[in-house]
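Trainee: There's a structure below that I have some questions on.
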Amino acid sequence: MTETVTTSGTDPVLTAQLIATALPYMLRYDEKTVVVKFGGNAMGSEELGKAFAEDITLLKLAGINPVVVHGGGPQINAMLTRLGIKSEWAAGMRITDKPTVEVVEMVLAGSINKEIVQTITEAGGRAIGLTGKDGNMVTVTRLTRKVVDPDSHIERIVDLGFVGEPKTVRTEVLEVLAKSEIIPVLAPVCAGEDGETYNVNADTFAGAIAGALHASRLLFLTDVPGVLDKDKRLIKELTVAEARAMIADGTISGGMIPKVETCIEALDRGVEGVVILDGKTPHAVLLELFTEHGAGTLLKR
Ligand SMILES: Nc1ncnc2c1ncn2[C@@H]1O[C@H](COP(=O)(O)OP(=O)(O)O)[C@@H](O)[C@H]1O
Ligand SMILES: CC(=O)N[C@@H](CCC(=O)OP(=O)(O)O)C(=O)O
């Protein structure tokens, strides 16, 4: 016996109004690539994860090419704590030794990646989870970081261990998937030229993917409304020069540093629109792309 699926419960007038409102925006992004970075802090609850998966599924149905890149910093922290491994940070990057990178790969490529894939399946989409290692998609070089001591202002170079910076991006697999009904969900774990596994900041990874795919939009879903000024007010538009000054004077700190630096690089690589927005707002992706209610911080040249 066949099962009949009805749409009872949806108001046809409201649905028609919603489609009419969203249609011009949908056409604007038709066949375009939108890279969405889903931060570990934005994965706050099951409901948010579900709303995110629904948005991504709808983008694909609407003829857009969504590519998901996810983080998982807090989830890695929780697993490291359970295992009794301490973590240190430098300029928003985790200093990653060998035992830490093993946990990073386990959490990012394992539990988080598969959970997002499964949630998209439940939302009616089809997703495939990959890391930078799969298909040799992203290779990295070892990253060192310049850190300025806030008290003495002395600069020092910190070796971050197994932390990688994207060097090459092969887009063939993503191009094949773009032509299919399958949505790629990418975890920022990569191989280095030395054959070792590297932990890559998810923002940096998303920027490299968006640049290589010449994405139309790069959205960062995080746990704050966007970039905040000294008085914690949302900055709606931020130029590259203003962003650099805010990093230099410490207004932008921690995990916001790699995010903003990635935005700047993505603009340099030709990504048209780069937005940092509040992933705690349900359906933040649809609101940003398909309505005039786009919130968050738009980075501009
Ligand atoms: N100027 C700023 N505006 C907004 N957030 C900032 C700023 N400076 C530092 N942050 C911090 O950056 C965090 C977002 O980065 P991160 O924790 O890495 O999130 P995600 O997991 O989404 O990548 C915010 O929760 C906030 O604590
Ligand atoms: C090098 C580095 O810092 N890697 C990150 C990778 C995960 C990530 O970036 O997660 P969010 O997007 O949730 O912050 C880490 O180890 O936490």
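Ligands are numbered from 1 in the order shown, residues from 1 within each chain, and chains are lettered A, B, ... in the order they appear in the structure tokens.
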Taking only C-alpha atoms and all ligand atoms into account, which residues have an atom no farther than 7 Å from ligand 2? I'd like them as a PyMOL selection string.

Mentor: chain A and resi 38-41+70-74+76+92-95+104+163+188+199-203+255

Trainee: If you count only C-alpha atoms, which residues fall within 8 Å of region 143-155 of chain A, apart from same-chain ones fewer than 2 positions away, as a list in words?

Mentor: Ala90, Ala91, Thr141, Ile157, Val158, Asp159, Leu160, Gly161, Val163, Gly164 and Glu165 of chain A

Trainee: Keeping only C-alpha atoms, write the selected residues as a PDB file, in the first residue's frame.

Mentor:
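What ended up in result_3.pdb:
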ATOM      1  CA  ALA A  90      46.953  31.232  20.633  1.00  0.00           C
ATOM      2  CA  ALA A  91      45.130  33.962  18.656  1.00  0.00           C
ATOM      3  CA  THR A 141      51.101  23.350   5.497  1.00  0.00           C
ATOM      4  CA  ILE A 157      56.141  33.294  17.014  1.00  0.00           C
ATOM      5  CA  VAL A 158      54.147  30.364  18.385  1.00  0.00           C
ATOM      6  CA  ASP A 159      54.363  26.889  16.859  1.00  0.00           C
ATOM      7  CA  LEU A 160      50.802  25.606  17.042  1.00  0.00           C
ATOM      8  CA  GLY A 161      51.728  21.942  16.528  1.00  0.00           C
ATOM      9  CA  VAL A 163      47.544  23.041  12.965  1.00  0.00           C
ATOM     10  CA  GLY A 164      47.331  23.449   9.230  1.00  0.00           C
ATOM     11  CA  GLU A 165      46.835  26.270   6.788  1.00  0.00           C
TER      12      GLU A 165
END

Trainee: Counting only C-alpha atoms and all ligand atoms, name the residues that have an atom within 6 Å of an atom of ligand 1; the answer should be given as a PDB file with N, CA and C atoms, in the first residue's frame.

Mentor:
ATOM      1  N   GLY A  39      29.252  26.994  13.065  1.00  0.00           N
ATOM      2  CA  GLY A  39      30.205  26.958  14.177  1.00  0.00           C
ATOM      3  C   GLY A  39      29.735  26.061  15.307  1.00  0.00           C
ATOM      4  N   GLY A  40      30.685  25.540  16.043  1.00  0.00           N
ATOM      5  CA  GLY A  40      30.357  24.667  17.174  1.00  0.00           C
ATOM      6  C   GLY A  40      29.473  25.363  18.188  1.00  0.00           C
ATOM      7  N   ASN A  41      29.662  26.676  18.362  1.00  0.00           N
ATOM      8  CA  ASN A  41      28.841  27.431  19.307  1.00  0.00           C
ATOM      9  C   ASN A  41      27.426  27.646  18.801  1.00  0.00           C
ATOM     10  N   ALA A  42      27.252  27.595  17.478  1.00  0.00           N
ATOM     11  CA  ALA A  42      25.916  27.801  16.904  1.00  0.00           C
ATOM     12  C   ALA A  42      25.086  26.519  16.946  1.00  0.00           C
ATOM     13  N   GLY A  73      34.476  23.429  18.068  1.00  0.00           N
ATOM     14  CA  GLY A  73      35.419  23.770  19.145  1.00  0.00           C
ATOM     15  C   GLY A  73      34.920  23.347  20.527  1.00  0.00           C
ATOM     16  N   LEU A 221      27.852  31.150  10.709  1.00  0.00           N
ATOM     17  CA  LEU A 221      26.856  31.092  11.782  1.00  0.00           C
ATOM     18  C   LEU A 221      27.589  30.901  13.101  1.00  0.00           C
ATOM     19  N   THR A 222      27.457  31.886  13.977  1.00  0.00           N
ATOM     20  CA  THR A 222      28.165  31.801  15.256  1.00  0.00           C
ATOM     21  C   THR A 222      27.201  32.038  16.409  1.00  0.00           C
ATOM     22  N   ASP A 223      27.726  32.390  17.587  1.00  0.00           N
ATOM     23  CA  ASP A 223      26.855  32.507  18.767  1.00  0.00           C
ATOM     24  C   ASP A 223      26.666  33.948  19.221  1.00  0.00           C
ATOM     25  N   VAL A 224      27.060  34.888  18.371  1.00  0.00           N
ATOM     26  CA  VAL A 224      26.843  36.317  18.658  1.00  0.00           C
ATOM     27  C   VAL A 224      26.148  36.916  17.428  1.00  0.00           C
ATOM     28  N   GLY A 226      26.912  39.095  15.462  1.00  0.00           N
ATOM     29  CA  GLY A 226      27.828  39.526  14.405  1.00  0.00           C
ATOM     30  C   GLY A 226      29.053  40.095  15.094  1.00  0.00           C
ATOM     31  N   VAL A 227      29.776  41.001  14.411  1.00  0.00           N
ATOM     32  CA  VAL A 227      30.920  41.649  15.070  1.00  0.00           C
ATOM     33  C   VAL A 227      30.366  42.766  15.953  1.00  0.00           C
ATOM     34  N   LEU A 228      30.814  42.773  17.210  1.00  0.00           N
ATOM     35  CA  LEU A 228      30.327  43.768  18.177  1.00  0.00           C
ATOM     36  C   LEU A 228      31.417  44.808  18.439  1.00  0.00           C
ATOM     37  N   ASP A 229      30.968  46.053  18.686  1.00  0.00           N
ATOM     38  CA  ASP A 229      31.951  47.103  19.007  1.00  0.00           C
ATOM     39  C   ASP A 229      32.309  47.036  20.492  1.00  0.00           C
ATOM     40  N   THR A 251      39.567  44.821  20.156  1.00  0.00           N
ATOM     41  CA  THR A 251      38.092  44.771  20.207  1.00  0.00           C
ATOM     42  C   THR A 251      37.604  43.461  19.604  1.00  0.00           C
ATOM     43  N   ILE A 252      38.309  43.006  18.578  1.00  0.00           N
ATOM     44  CA  ILE A 252      38.037  41.668  18.024  1.00  0.00           C
ATOM     45  C   ILE A 252      39.098  40.743  18.601  1.00  0.00           C
ATOM     46  N   SER A 253      38.649  39.674  19.282  1.00  0.00           N
ATOM     47  CA  SER A 253      39.615  38.782  19.924  1.00  0.00           C
ATOM     48  C   SER A 253      39.162  37.326  19.762  1.00  0.00           C
ATOM     49  N   GLY A 254      39.942  36.427  20.312  1.00  0.00           N
ATOM     50  CA  GLY A 254      39.595  35.001  20.355  1.00  0.00           C
ATOM     51  C   GLY A 254      39.162  34.452  19.009  1.00  0.00           C
ATOM     52  N   GLY A 255      38.074  33.655  19.039  1.00  0.00           N
ATOM     53  CA  GLY A 255      37.598  32.979  17.835  1.00  0.00           C
ATOM     54  C   GLY A 255      37.111  33.924  16.751  1.00  0.00           C
ATOM     55  N   MET A 256      36.878  35.190  17.101  1.00  0.00           N
ATOM     56  CA  MET A 256      36.426  36.147  16.082  1.00  0.00           C
ATOM     57  C   MET A 256      37.596  36.559  15.168  1.00  0.00           C
TER      58      MET A 256
END

Trainee: For Gly207 (chain A), work out the shell of residues within 9 Å, counting only C-alpha atoms and skipping chain neighbours fewer than 4 positions away, then give it as a list in words.

Mentor: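 Residues meeting the cut-off are Val35, Ala202, Asp203, Gly211, Ala212, Leu218, Lys259, Thr262, Cys263, Glu265 and Ala266 of chain A.
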
Trainee: Write out, as a PDB file, in the first residue's frame, the residues just selected, with C-alpha atoms.

Mentor:
ATOM      1  CA  VAL A  35      29.239  28.167   1.611  1.00  0.00           C
ATOM      2  CA  ALA A 202      36.851  25.705  10.512  1.00  0.00           C
ATOM      3  CA  ASP A 203      36.584  29.387   9.527  1.00  0.00           C
ATOM      4  CA  GLY A 211      37.518  31.002  -2.554  1.00  0.00           C
ATOM      5  CA  ALA A 212      38.264  27.892  -4.623  1.00  0.00           C
ATOM      6  CA  LEU A 218      30.063  32.853   2.559  1.00  0.00           C
ATOM      7  CA  LYS A 259      36.626  34.490  11.342  1.00  0.00           C
ATOM      8  CA  THR A 262      38.946  34.676   6.712  1.00  0.00           C
ATOM      9  CA  CYS A 263      36.297  37.195   5.647  1.00  0.00           C
ATOM     10  CA  GLU A 265      40.804  36.827   2.507  1.00  0.00           C
ATOM     11  CA  ALA A 266      37.519  35.628   0.994  1.00  0.00           C
TER      12      ALA A 266
END

Trainee: At a cut-off of 12 Å, using only C-alpha atoms, what residues contact Gly84 (chain A)? Leave out same-chain residues fewer than 4 positions from it and give the result as a ChimeraX atom specification.

Mentor: /A:77-80,99-100,103

Trainee: Mind giving me the straight-line distance from CA of Glu288 (chain A) to CA of Ala248 (chain A) in Å, one decimal?

Mentor: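 That distance, rounded to one decimal, is 29.0 Å.
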
Trainee: Give the answer as one residue: which of A:Ala51, A:Pro66, A:Ala208, A:Lys230 has the shortest atom-to-atom distance to Glu175 (chain A), using only C-alpha atoms?

Mentor: A:Pro66

Trainee: Can you pull out every residue within 8 Å of Thr57 (chain A), counting only C-alpha atoms, but drop anything in the same chain fewer than 4 positions away, and send it as a VMD selection string?

Mentor: chain A and resid 53 61 120 123 to 126

Trainee: Take the residues just selected and output them with C-alpha atoms as a tab-separated table (two decimals), in the first residue's frame.

Mentor:
chain	number	residue	atom	x	y	z
A	53	ALA	CA	19.34	21.26	8.25
A	61	LEU	CA	15.76	22.16	-3.54
A	120	ILE	CA	19.88	16.78	6.84
A	123	ALA	CA	14.97	17.14	6.97
A	124	GLY	CA	14.43	15.42	3.61
A	125	GLY	CA	17.79	16.14	2.01
A	126	ARG	CA	20.72	13.89	1.09
